[in-house]
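Listing of upload_31.txt; format and content: compact mmCIF, C-alpha atoms.
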```txt
# COMPACT_ATOMS: atom_id res chain seq x y z
CA MET S 1 0.00 0.00 0.00
CA SER S 2 1.25 3.41 -0.93
CA LEU S 3 1.11 6.26 1.56
CA SER S 4 1.20 8.98 -1.11
CA THR S 5 -1.89 11.11 -1.71
CA PRO S 6 -3.79 10.87 -5.02
CA LEU S 7 -2.45 14.30 -5.99
CA ALA S 8 1.16 13.20 -5.35
CA LYS S 9 0.51 10.06 -7.42
CA ALA S 10 -0.81 12.12 -10.32
CA ARG S 11 2.14 14.51 -10.15
CA GLY S 12 4.71 11.73 -9.94
CA LEU S 13 8.25 12.96 -9.61
CA GLY S 14 7.39 16.08 -11.58
CA SER S 15 9.43 17.79 -14.26
CA ALA S 16 13.17 17.19 -14.32
CA LYS S 17 13.45 20.95 -15.00
CA SER S 18 16.21 20.45 -17.54
CA GLY S 19 14.25 20.34 -20.82
CA THR S 20 14.79 24.00 -21.66
CA HIS S 21 18.54 23.66 -21.22
CA HIS S 22 18.59 20.70 -23.64
CA TRP S 23 16.52 22.65 -26.18
CA ILE S 24 18.70 25.76 -26.00
CA ALA S 25 21.97 23.78 -26.13
CA GLN S 26 20.77 21.97 -29.25
CA ARG S 27 19.90 25.26 -31.01
CA LEU S 28 23.10 27.00 -29.88
CA THR S 29 25.31 24.17 -31.19
CA ALA S 30 23.20 24.11 -34.39
CA ILE S 31 23.90 27.81 -34.99
CA ALA S 32 27.62 27.31 -34.29
CA LEU S 33 27.72 24.35 -36.69
CA ILE S 34 26.38 26.35 -39.68
CA PRO S 35 29.65 28.23 -40.37
CA LEU S 36 31.81 25.40 -38.99
CA CYS S 37 30.30 22.76 -41.35
CA ILE S 38 30.70 25.04 -44.37
CA TRP S 39 34.30 25.77 -43.37
CA PHE S 40 35.05 22.07 -42.84
CA VAL S 41 33.68 20.88 -46.20
CA PHE S 42 35.24 23.81 -48.04
CA SER S 43 38.66 23.14 -46.44
CA LEU S 44 38.65 19.50 -47.54
CA VAL S 45 37.32 20.22 -51.04
CA SER S 46 39.79 23.06 -51.68
CA MET S 47 42.79 20.77 -51.17
CA THR S 48 44.21 19.78 -54.55
CA GLU S 49 44.77 16.28 -53.25
CA LEU S 50 43.90 14.90 -49.86
CA ASN S 51 47.21 13.25 -49.00
CA TYR S 52 49.03 12.87 -45.68
CA GLN S 53 51.22 15.99 -45.95
CA MET S 54 48.33 18.23 -47.11
CA ALA S 55 46.18 17.09 -44.19
CA ILE S 56 49.02 17.60 -41.69
CA ASP S 57 49.81 21.09 -43.07
CA TRP S 58 46.14 21.99 -42.87
CA ILE S 59 45.83 21.07 -39.17
CA GLN S 60 49.20 22.66 -38.29
CA SER S 61 47.87 26.10 -39.20
CA PRO S 62 46.59 27.65 -35.93
CA LEU S 63 43.29 28.87 -37.35
CA SER S 64 42.46 25.43 -38.81
CA ALA S 65 43.33 23.72 -35.53
CA ILE S 66 41.07 26.07 -33.53
CA PHE S 67 38.17 25.76 -36.00
CA LEU S 68 38.58 21.98 -36.09
CA LEU S 69 38.50 21.81 -32.28
CA LEU S 70 35.38 24.01 -32.20
CA PHE S 71 33.83 21.82 -34.91
CA ILE S 72 34.55 18.62 -32.95
CA ILE S 73 33.16 20.00 -29.67
CA ALA S 74 30.01 21.53 -31.21
CA MET S 75 29.39 18.48 -33.44
CA PHE S 76 29.70 15.83 -30.73
CA HIS S 77 27.66 17.89 -28.27
CA HIS S 78 24.93 18.43 -30.89
CA ALA S 79 25.06 14.76 -32.00
CA GLN S 80 24.68 13.32 -28.50
CA LEU S 81 21.84 15.75 -27.66
CA GLY S 82 20.01 14.62 -30.81
CA MET S 83 20.75 10.91 -30.33
CA GLN S 84 19.49 11.20 -26.74
CA VAL S 85 16.08 12.33 -28.03
CA VAL S 86 15.99 9.58 -30.66
CA ILE S 87 16.74 6.91 -28.02
CA GLU S 88 14.19 8.39 -25.60
CA ASP S 89 11.53 8.49 -28.33
CA TYR S 90 11.90 5.11 -29.99
CA ILE S 91 13.26 2.67 -27.41
CA ASP S 92 10.46 1.29 -25.26
CA CYS S 93 12.34 -1.10 -22.97
CA LYS S 94 13.55 0.83 -19.94
CA VAL S 95 16.70 -1.25 -19.43
CA ILE S 96 17.87 -0.89 -23.07
CA LYS S 97 16.91 2.79 -23.06
CA ILE S 98 18.94 3.70 -19.97
CA THR S 99 21.88 1.48 -21.02
CA GLY S 100 21.80 3.12 -24.46
CA LEU S 101 21.71 6.63 -22.98
CA VAL S 102 24.62 5.93 -20.62
CA LEU S 103 26.68 4.35 -23.43
CA LEU S 104 25.84 7.23 -25.79
CA LYS S 105 27.02 9.88 -23.31
CA LEU S 106 30.22 8.05 -22.39
CA VAL S 107 31.19 6.97 -25.93
CA SER S 108 30.45 10.45 -27.37
CA PHE S 109 32.61 12.09 -24.73
CA PHE S 110 35.40 9.59 -25.39
CA ALA S 111 35.25 10.05 -29.19
CA ALA S 112 35.20 13.85 -28.90
CA LEU S 113 38.20 13.83 -26.58
CA ALA S 114 40.06 11.34 -28.83
CA ALA S 115 39.46 13.54 -31.90
CA ALA S 116 40.54 16.68 -30.02
CA THR S 117 43.68 14.92 -28.76
CA ALA S 118 44.55 13.84 -32.30
CA VAL S 119 44.17 17.42 -33.56
CA LEU S 120 46.34 18.78 -30.71
CA LYS S 121 49.01 16.12 -31.33
CA ILE S 122 49.20 17.06 -35.01
CA TYR S 123 49.08 20.79 -34.26
CA LEU S 124 51.86 20.67 -31.68
CA GLY S 125 53.96 18.51 -34.03
CA PRO S 126 56.54 15.84 -33.27
CA MET A 127 0.09 -1.02 -13.81
CA ALA A 128 -2.71 -0.09 -16.18
CA THR A 129 -0.46 2.42 -17.98
CA ASP A 130 1.42 -0.48 -19.59
CA ASN A 131 -1.57 -1.44 -21.76
CA ARG A 132 -2.52 1.96 -23.09
CA PRO A 133 -3.05 2.13 -26.87
CA LEU A 134 -0.23 3.63 -28.88
CA SER A 135 -0.89 6.70 -30.98
CA PRO A 136 -0.32 7.95 -33.64
CA HIS A 137 -0.21 4.90 -35.88
CA LEU A 138 2.34 6.03 -38.45
CA GLN A 139 1.36 3.42 -41.04
CA ILE A 140 -2.20 4.75 -41.49
CA TYR A 141 -0.98 8.16 -42.66
CA LYS A 142 -0.23 8.96 -46.27
CA PRO A 143 3.44 10.04 -46.52
CA GLN A 144 3.66 13.79 -47.07
CA LEU A 145 6.60 16.14 -47.70
CA THR A 146 6.31 17.54 -44.17
CA SER A 147 6.42 14.17 -42.39
CA VAL A 148 8.98 12.65 -44.78
CA LEU A 149 11.41 15.57 -44.35
CA SER A 150 10.93 15.42 -40.59
CA ILE A 151 11.91 11.74 -40.42
CA VAL A 152 14.75 12.23 -42.94
CA HIS A 153 16.08 15.02 -40.68
CA ARG A 154 16.26 12.49 -37.83
CA GLY A 155 17.65 9.79 -40.10
CA THR A 156 20.43 12.02 -41.43
CA GLY A 157 21.13 13.14 -37.86
CA VAL A 158 21.67 9.55 -36.73
CA PHE A 159 23.77 8.81 -39.85
CA LEU A 160 25.90 11.93 -39.28
CA THR A 161 26.58 10.80 -35.71
CA ILE A 162 28.18 7.71 -37.28
CA GLY A 163 30.05 10.17 -39.54
CA ALA A 164 31.36 12.00 -36.47
CA PHE A 165 32.87 8.74 -35.22
CA PHE A 166 34.40 8.21 -38.67
CA LEU A 167 35.97 11.68 -38.45
CA THR A 168 37.49 10.71 -35.09
CA CYS A 169 38.99 7.57 -36.69
CA TRP A 170 40.31 9.64 -39.62
CA LEU A 171 41.98 12.15 -37.26
CA LEU A 172 43.44 9.36 -35.10
CA ALA A 173 44.87 7.67 -38.21
CA LEU A 174 46.34 11.01 -39.31
CA ALA A 175 47.89 11.56 -35.88
CA ASP A 176 49.28 8.02 -35.91
CA GLY A 177 51.37 8.50 -39.06
CA PRO A 178 51.56 8.16 -42.86
CA GLU A 179 51.24 4.33 -43.01
CA LEU A 180 47.93 3.99 -41.19
CA PHE A 181 46.59 7.15 -42.88
CA ALA A 182 47.44 5.79 -46.34
CA ARG A 183 45.66 2.51 -45.54
CA LEU A 184 42.52 4.34 -44.39
CA GLN A 185 42.68 6.76 -47.33
CA ALA A 186 42.87 3.80 -49.76
CA HIS A 187 39.51 2.59 -48.42
CA LEU A 188 38.00 6.08 -48.51
CA THR A 189 39.01 6.68 -52.15
CA SER A 190 37.73 3.27 -53.31
CA TRP A 191 34.23 3.08 -54.85
CA TYR A 192 32.57 1.91 -51.64
CA GLY A 193 34.43 4.55 -49.61
CA GLN A 194 33.34 7.28 -52.01
CA ILE A 195 29.70 6.17 -51.79
CA LEU A 196 29.95 6.40 -48.00
CA VAL A 197 31.72 9.79 -48.09
CA TYR A 198 29.11 11.29 -50.44
CA ALA A 199 26.28 9.79 -48.39
CA PHE A 200 27.77 11.72 -45.47
CA VAL A 201 28.14 14.87 -47.64
CA PHE A 202 24.50 14.71 -48.78
CA SER A 203 23.29 14.03 -45.22
CA LEU A 204 25.34 16.97 -43.96
CA TYR A 205 23.87 19.37 -46.54
CA PHE A 206 20.34 18.12 -45.94
CA HIS A 207 20.63 18.33 -42.15
CA LEU A 208 22.27 21.77 -42.44
CA CYS A 209 19.61 23.22 -44.79
CA ASN A 210 16.67 21.63 -42.99
CA GLY A 211 18.22 22.62 -39.66
CA ILE A 212 18.23 26.27 -40.76
CA ARG A 213 14.53 25.77 -41.72
CA HIS A 214 13.93 24.48 -38.18
CA LEU A 215 15.73 27.48 -36.65
CA PHE A 216 13.40 29.84 -38.57
CA TRP A 217 10.39 27.89 -37.26
CA ASP A 218 11.80 28.22 -33.73
CA VAL A 219 11.59 32.01 -33.98
CA GLY A 220 8.09 31.73 -35.46
CA LEU A 221 8.88 32.36 -39.14
CA GLY A 222 7.70 30.37 -42.16
CA LEU A 223 5.01 28.38 -40.36
CA ASP A 224 2.22 28.91 -42.95
CA ILE A 225 1.55 25.65 -44.78
CA ASP A 226 2.35 26.99 -48.28
CA VAL A 227 5.67 28.40 -47.02
CA VAL A 228 6.44 25.11 -45.25
CA TYR A 229 6.05 23.29 -48.60
CA LYS A 230 8.12 25.88 -50.51
CA THR A 231 11.00 25.78 -48.04
CA GLY A 232 10.72 21.98 -47.93
CA TYR A 233 11.22 21.64 -51.69
CA THR A 234 13.99 24.27 -51.52
CA VAL A 235 15.84 22.22 -48.88
CA VAL A 236 15.67 19.06 -51.03
CA ALA A 237 16.83 20.92 -54.17
CA ALA A 238 19.60 22.76 -52.30
CA SER A 239 21.03 19.61 -50.72
CA VAL A 240 21.11 17.81 -54.08
CA ILE A 241 22.71 20.82 -55.85
CA PHE A 242 25.30 21.37 -53.07
CA THR A 243 26.21 17.66 -53.12
CA LEU A 244 26.70 17.69 -56.90
CA LEU A 245 28.69 20.94 -56.66
CA THR A 246 30.94 19.41 -53.99
CA LEU A 247 31.41 16.33 -56.18
CA CYS A 248 32.45 18.53 -59.16
CA LEU A 249 34.78 20.72 -57.08
CA ALA A 250 36.45 17.71 -55.46
CA ALA A 251 36.82 15.98 -58.84
CA GLY A 252 38.26 19.19 -60.30
CA GLY A 253 40.79 19.13 -57.49
CA MET A 254 40.38 22.79 -56.57
CA ALA A 255 37.56 25.02 -55.41
```

Transcribe the structure of this file into structure tokens.
Amino acid sequence: MSLSTPLAKARGLGSAKSGTHHWIAQRLTAIALIPLCIWFVFSLVSMTELNYQMAIDWIQSPLSAIFLLLFIIAMFHHAQLGMQVVIEDYIDCKVIKITGLVLLKLVSFFAALAAATAVLKIYLGP
Amino acid sequence: MATDNRPLSPHLQIYKPQLTSVLSIVHRGTGVFLTIGAFFLTCWLLALADGPELFARLQAHLTSWYGQILVYAFVFSLYFHLCNGIRHLFWDVGLGLDIDVVYKTGYTVVAASVIFTLLTLCLAAGGMA
């Protein structure tokens, strides 16, 4: 037998009070990604040939390194915010849903950090 | 609890596919696909940081026919998600919500993503922007 009142039962745990933050973060990263995506595609396309030395030279320029780091951070943050909603919407089973969400957050953070580390290693040189 | 047996709604399969609903689901689909692309970018950068041997091996796969199909699937998804995302940002500030405008911008997004993808293909094949 539950001791909670009917009103408390109807209310449940209430709002997590974090929905607005998610919404704003998704839009903010979206706005940041507009110029960053265009810059990223244009940088790759404008190389005469995408070989090892060209790619290294590209990342060793300070502006490219900074833009690439911004691109990685904004992209992974935006991607995991979006994937979170997709998992929450379509996965019914609570166990798979929560496991998926935890894995998504951890793996996204790991991949973003790995990409950023790779950029910094190339930028700082041997 | 009784909440477990509630009927599900809406039943997607009873609706006729329309531009609005199709573009909405494609936006999600490209978003999920681009997340895979983000992980590919991480692998590409790690291979580049590792050295010329590993990078050349990865690049050989990327420049093969199956690699190019994958790369341009990512390029198209990126342009679509970018253009449709801008459409969403306008909706978020309350612009372009009339149904005729929604259809016009919808067709514009599809046309723009196809044109931008073809343009990227030509520029990359030409070797220089």

For this session: Enumerate as a VMD selection string the residues belonging to chain A that approach chain S to within 9 Å, with only C-alpha atoms taken into account.
Result: chain A and resid 154 157 to 158 160 to 161 164 to 165 167 to 178 181 to 182 185 201 204 to 205 208 211 to 212 215 246 to 247 249 to 255

Where is the centre and how long are the edges: axis-aligned box on segment 94-102 of chain S, 8 Å on each side, Å to one decimal, as JSON:
```
{"center_x": 19.1, "center_y": 2.7, "center_z": -21.9, "size_x": 27.1, "size_y": 23.9, "size_z": 21.0}
```

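Taking atom CA of Cys209 of chain A and atom CA of Val152 of chain A as endpoints, the distance between them is 12.2 Å.
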
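Shortest separation to Trp23 of chain S among S:Pro62, S:Gln84, S:Cys93, S:Lys105 occurs at residue S:Gln84, atoms counted being only C-alpha atoms.
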
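Straight-line separation from atom CA of Arg132 of chain A to atom CA of Ile98 of chain S: 21.8 Å.
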